[in-house]
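J.: Got a structure for you, written out below as structure tokens; questions coming shortly.
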Amino acid sequence: MNPTTNQPTGPVLVRAEDAESLQDGATSLITLLADAGTTGGALTANKATFRKGSPGAPAHFHTKATEMFLVLDGTMRILVDDEVLTLGKGDFLTVPPTVPHAFAPAPGSEAEMLVVFTPGLDRFDYYRLLERVYRGEATVQDIRDSSQRYDNHYFESPVWSKALAER
């Protein structure tokens, strides 16, 4: 890292066998790829793996980052504003700051996505918090309390609730 420019001094390589994987729920896994600290703030990236029936991520928005989704396998449903989109393998979507969104695998589908935030924000500790909540070592209130730090702002979406009920 070049301390004067806050930019990486070279490429960032994460070997699959070295990537940290976190169980953030009974039916989902997050594989940590690159965080803001290793990319000079350029981006944060993870791979999200969802088994059938996974609730995915609830309705939320970010104020500072664009979130990008590339479906690597399977079929995903993604809320964007008040519309639920279906994305298949190879489909790509960007969601700019302040746009409400949520995501989960389509009914009966497993899925895998590359998720990238730009600019990057040190989010790996947020994913570790999700795993601690799943294990009973932290609470949902801890997630709420971290909203500003990790730029995750959750809200109720009747459109998304209805889509999730259609399993």
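In the structure tokens, chains take letters A, B, ... by order of appearance, with residues numbered from 1 within each chain and ligands from 1 in the order shown.
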Taking the chain letters and numbering used in this document, name the residues of range 16-140 of chain A that DSSP puts in helix (DSSP H, G or I), as an NGL selection string.
T.: :A and (16-18 or 36-39 or 124-134 or 140)
J.: Go ahead and save the picked residues with all heavy atoms, as a compact mmCIF listing (two decimals), in the first residue's frame.
T.:
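And here's again.txt as it stands now:
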# COMPACT_ATOMS: atom_id res chain seq x y z
N ALA A 16 -8.14 -19.22 -3.82
CA ALA A 16 -9.37 -19.82 -3.29
C ALA A 16 -9.13 -20.53 -1.97
O ALA A 16 -9.92 -20.39 -1.02
CB ALA A 16 -9.98 -20.77 -4.32
N GLU A 17 -8.04 -21.26 -1.88
CA GLU A 17 -7.77 -22.03 -0.66
C GLU A 17 -7.39 -21.14 0.52
O GLU A 17 -7.43 -21.57 1.67
CB GLU A 17 -6.69 -23.09 -0.89
CG GLU A 17 -5.33 -22.54 -1.25
CD GLU A 17 -5.08 -22.36 -2.74
OE1 GLU A 17 -6.03 -22.44 -3.56
OE2 GLU A 17 -3.93 -22.13 -3.11
N ASP A 18 -7.05 -19.88 0.27
CA ASP A 18 -6.67 -18.96 1.34
C ASP A 18 -7.80 -18.02 1.76
O ASP A 18 -7.68 -17.33 2.76
CB ASP A 18 -5.47 -18.10 0.90
CG ASP A 18 -4.23 -18.94 0.64
OD1 ASP A 18 -4.08 -19.99 1.30
OD2 ASP A 18 -3.42 -18.54 -0.23
N ALA A 36 -11.33 -3.10 1.66
CA ALA A 36 -10.81 -1.77 1.34
C ALA A 36 -9.34 -1.62 1.73
O ALA A 36 -8.57 -0.99 1.01
CB ALA A 36 -11.65 -0.70 2.01
N GLY A 37 -8.94 -2.22 2.84
CA GLY A 37 -7.57 -2.10 3.29
C GLY A 37 -6.55 -2.69 2.33
O GLY A 37 -5.43 -2.21 2.24
N THR A 38 -6.93 -3.72 1.61
CA THR A 38 -6.00 -4.35 0.66
C THR A 38 -6.12 -3.76 -0.74
O THR A 38 -5.25 -4.02 -1.58
CB THR A 38 -6.23 -5.87 0.58
OG1 THR A 38 -7.56 -6.13 0.18
CG2 THR A 38 -5.94 -6.55 1.90
N THR A 39 -7.16 -2.99 -1.00
CA THR A 39 -7.36 -2.43 -2.34
C THR A 39 -7.16 -0.92 -2.38
O THR A 39 -7.53 -0.27 -3.36
CB THR A 39 -8.77 -2.76 -2.88
OG1 THR A 39 -9.75 -2.07 -2.07
CG2 THR A 39 -9.03 -4.25 -2.89
N PHE A 124 -15.31 -6.49 6.10
CA PHE A 124 -15.13 -7.88 6.50
C PHE A 124 -15.57 -8.12 7.95
O PHE A 124 -16.12 -9.17 8.27
CB PHE A 124 -13.68 -8.32 6.29
CG PHE A 124 -13.34 -8.63 4.86
CD1 PHE A 124 -14.21 -8.35 3.81
CD2 PHE A 124 -12.12 -9.21 4.56
CE1 PHE A 124 -13.87 -8.63 2.49
CE2 PHE A 124 -11.78 -9.51 3.25
CZ PHE A 124 -12.65 -9.22 2.22
N ASP A 125 -15.37 -7.13 8.82
CA ASP A 125 -15.82 -7.30 10.21
C ASP A 125 -17.34 -7.33 10.30
O ASP A 125 -17.89 -7.95 11.21
CB ASP A 125 -15.24 -6.21 11.11
CG ASP A 125 -13.78 -6.46 11.45
OD1 ASP A 125 -13.32 -7.62 11.31
OD2 ASP A 125 -13.09 -5.51 11.86
N TYR A 126 -18.02 -6.70 9.36
CA TYR A 126 -19.49 -6.80 9.32
C TYR A 126 -19.90 -8.24 9.03
O TYR A 126 -20.78 -8.80 9.68
CB TYR A 126 -20.06 -5.84 8.27
CG TYR A 126 -21.51 -6.09 8.00
CD1 TYR A 126 -22.49 -5.72 8.91
CD2 TYR A 126 -21.92 -6.72 6.82
CE1 TYR A 126 -23.83 -5.98 8.68
CE2 TYR A 126 -23.25 -6.97 6.58
CZ TYR A 126 -24.21 -6.60 7.50
OH TYR A 126 -25.54 -6.85 7.27
N TYR A 127 -19.26 -8.86 8.05
CA TYR A 127 -19.58 -10.25 7.72
C TYR A 127 -19.25 -11.18 8.89
O TYR A 127 -19.97 -12.14 9.16
CB TYR A 127 -18.85 -10.70 6.46
CG TYR A 127 -19.19 -9.86 5.25
CD1 TYR A 127 -18.19 -9.28 4.48
CD2 TYR A 127 -20.51 -9.64 4.88
CE1 TYR A 127 -18.50 -8.50 3.38
CE2 TYR A 127 -20.83 -8.86 3.78
CZ TYR A 127 -19.82 -8.29 3.03
OH TYR A 127 -20.13 -7.52 1.94
N ARG A 128 -18.16 -10.88 9.59
CA ARG A 128 -17.82 -11.67 10.78
C ARG A 128 -18.88 -11.49 11.87
O ARG A 128 -19.21 -12.43 12.60
CB ARG A 128 -16.43 -11.28 11.28
CG ARG A 128 -15.33 -11.70 10.30
CD ARG A 128 -13.95 -11.25 10.78
NE ARG A 128 -12.95 -11.60 9.79
CZ ARG A 128 -12.22 -10.71 9.10
NH1 ARG A 128 -12.37 -9.40 9.32
NH2 ARG A 128 -11.34 -11.12 8.21
N LEU A 129 -19.44 -10.28 11.97
CA LEU A 129 -20.53 -10.03 12.91
C LEU A 129 -21.75 -10.87 12.54
O LEU A 129 -22.39 -11.46 13.42
CB LEU A 129 -20.89 -8.53 12.93
CG LEU A 129 -22.13 -8.14 13.73
CD1 LEU A 129 -22.00 -8.52 15.20
CD2 LEU A 129 -22.40 -6.64 13.57
N LEU A 130 -22.08 -10.95 11.26
CA LEU A 130 -23.21 -11.78 10.84
C LEU A 130 -23.01 -13.23 11.27
O LEU A 130 -23.95 -13.89 11.73
CB LEU A 130 -23.39 -11.71 9.32
CG LEU A 130 -23.81 -10.38 8.72
CD1 LEU A 130 -23.94 -10.50 7.21
CD2 LEU A 130 -25.09 -9.87 9.34
N GLU A 131 -21.78 -13.74 11.13
CA GLU A 131 -21.51 -15.11 11.55
C GLU A 131 -21.67 -15.25 13.06
O GLU A 131 -22.23 -16.24 13.54
CB GLU A 131 -20.11 -15.55 11.12
CG GLU A 131 -19.83 -17.01 11.49
CD GLU A 131 -18.49 -17.50 11.02
OE1 GLU A 131 -17.46 -16.88 11.41
OE2 GLU A 131 -18.45 -18.49 10.27
N ARG A 132 -21.21 -14.25 13.82
CA ARG A 132 -21.37 -14.32 15.28
C ARG A 132 -22.84 -14.30 15.68
O ARG A 132 -23.24 -15.00 16.62
CB ARG A 132 -20.60 -13.18 15.96
CG ARG A 132 -19.10 -13.37 15.92
CD ARG A 132 -18.35 -12.44 16.89
NE ARG A 132 -18.73 -11.04 16.84
CZ ARG A 132 -18.27 -10.16 15.96
NH1 ARG A 132 -17.40 -10.54 15.02
NH2 ARG A 132 -18.66 -8.90 16.01
N VAL A 133 -23.65 -13.54 14.97
CA VAL A 133 -25.09 -13.54 15.24
C VAL A 133 -25.66 -14.93 14.96
O VAL A 133 -26.42 -15.48 15.76
CB VAL A 133 -25.82 -12.44 14.43
CG1 VAL A 133 -27.33 -12.61 14.52
CG2 VAL A 133 -25.40 -11.06 14.91
N TYR A 134 -25.30 -15.51 13.83
CA TYR A 134 -25.77 -16.85 13.48
C TYR A 134 -25.38 -17.86 14.55
O TYR A 134 -26.16 -18.73 14.92
CB TYR A 134 -25.21 -17.26 12.11
CG TYR A 134 -25.45 -18.70 11.77
CD1 TYR A 134 -26.75 -19.19 11.59
CD2 TYR A 134 -24.40 -19.59 11.64
CE1 TYR A 134 -26.97 -20.53 11.29
CE2 TYR A 134 -24.61 -20.92 11.33
CZ TYR A 134 -25.90 -21.38 11.17
OH TYR A 134 -26.12 -22.70 10.87
N VAL A 140 -28.97 -9.34 16.96
CA VAL A 140 -29.46 -8.51 15.86
C VAL A 140 -29.29 -7.03 16.21
O VAL A 140 -29.02 -6.20 15.34
CB VAL A 140 -30.93 -8.86 15.53
CG1 VAL A 140 -31.52 -7.89 14.54
CG2 VAL A 140 -31.03 -10.29 15.01
J.: Using DSSP secondary structure from the backbone, list all strand (DSSP E) positions within range 24-137 of chain A, as a PyMOL selection string.
T.: chain A and resi 24-25+28-34+44-50+57-61+66-80+83-88+92-95+101-105+111-118
J.: Ranking A:Ala42, A:Ala138, A:Ser28, A:Arg149 by minimum distance to Pro11 in chain A and counting only C-alpha atoms, which one comes first?
T.: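 Comparing A:Ala42, A:Ala138, A:Ser28, A:Arg149 against Pro11 in chain A, the winner is A:Ala42.
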J.: Near Ser109 in chain A, counting only C-alpha atoms, which residues have an atom at most 8 Å away, once you skip same-chain residues fewer than 3 positions from it, shown as a PyMOL selection string?
T.: chain A and resi 51-53+74-76+105-106
J.: Record the distance separating CA of Pro100 in chain A and CA of Gly40 in chain A, expressed in Å with one decimal.
T.: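 Going from CA of Pro100 in chain A over to CA of Gly40 in chain A covers 26.7 Å.
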J.: One number please: CA of Thr66 in chain A to CA of Leu114 in chain A, in Å, one decimal.
T.: 13.7 Å
J.: List the neighbours of Arg77 in chain A out to 9 Å using only C-alpha atoms; skip same-chain residues closer than 6 positions along the sequence, and give me the result as a list in words.
T.: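 The residues satisfying every condition are Val84, Leu85, Thr86, Leu87, Gly88, Ala102, Phe103, Ala104, Pro105, Ala106, Pro107 and Ala163 of chain A.
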J.: Using C-alpha atoms, can you export the residues from the last selection as a tab-separated table (two decimals), in the first residue's frame?
T.:
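Listing of out-v8.tsv after writing:
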chain	number	residue	atom	x	y	z
A	84	VAL	CA	-38.16	-7.49	-8.00
A	85	LEU	CA	-35.82	-8.61	-10.78
A	86	THR	CA	-34.82	-12.18	-11.62
A	87	LEU	CA	-31.17	-12.60	-12.57
A	88	GLY	CA	-29.64	-15.76	-14.00
A	102	ALA	CA	-32.38	-6.91	-1.21
A	103	PHE	CA	-31.50	-10.32	-2.61
A	104	ALA	CA	-32.17	-14.03	-2.22
A	105	PRO	CA	-32.05	-17.08	-4.44
A	106	ALA	CA	-35.16	-17.62	-6.55
A	107	PRO	CA	-37.61	-20.18	-5.17
A	163	ALA	CA	-41.78	-11.68	-2.93
J.: Taking into account only C-alpha atoms, which residue in the set A:Phe50, A:Trp160, A:Tyr154, A:Phe92 is nearest to His62 in chain A?
T.: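 Nearest to His62 in chain A: A:Tyr154.
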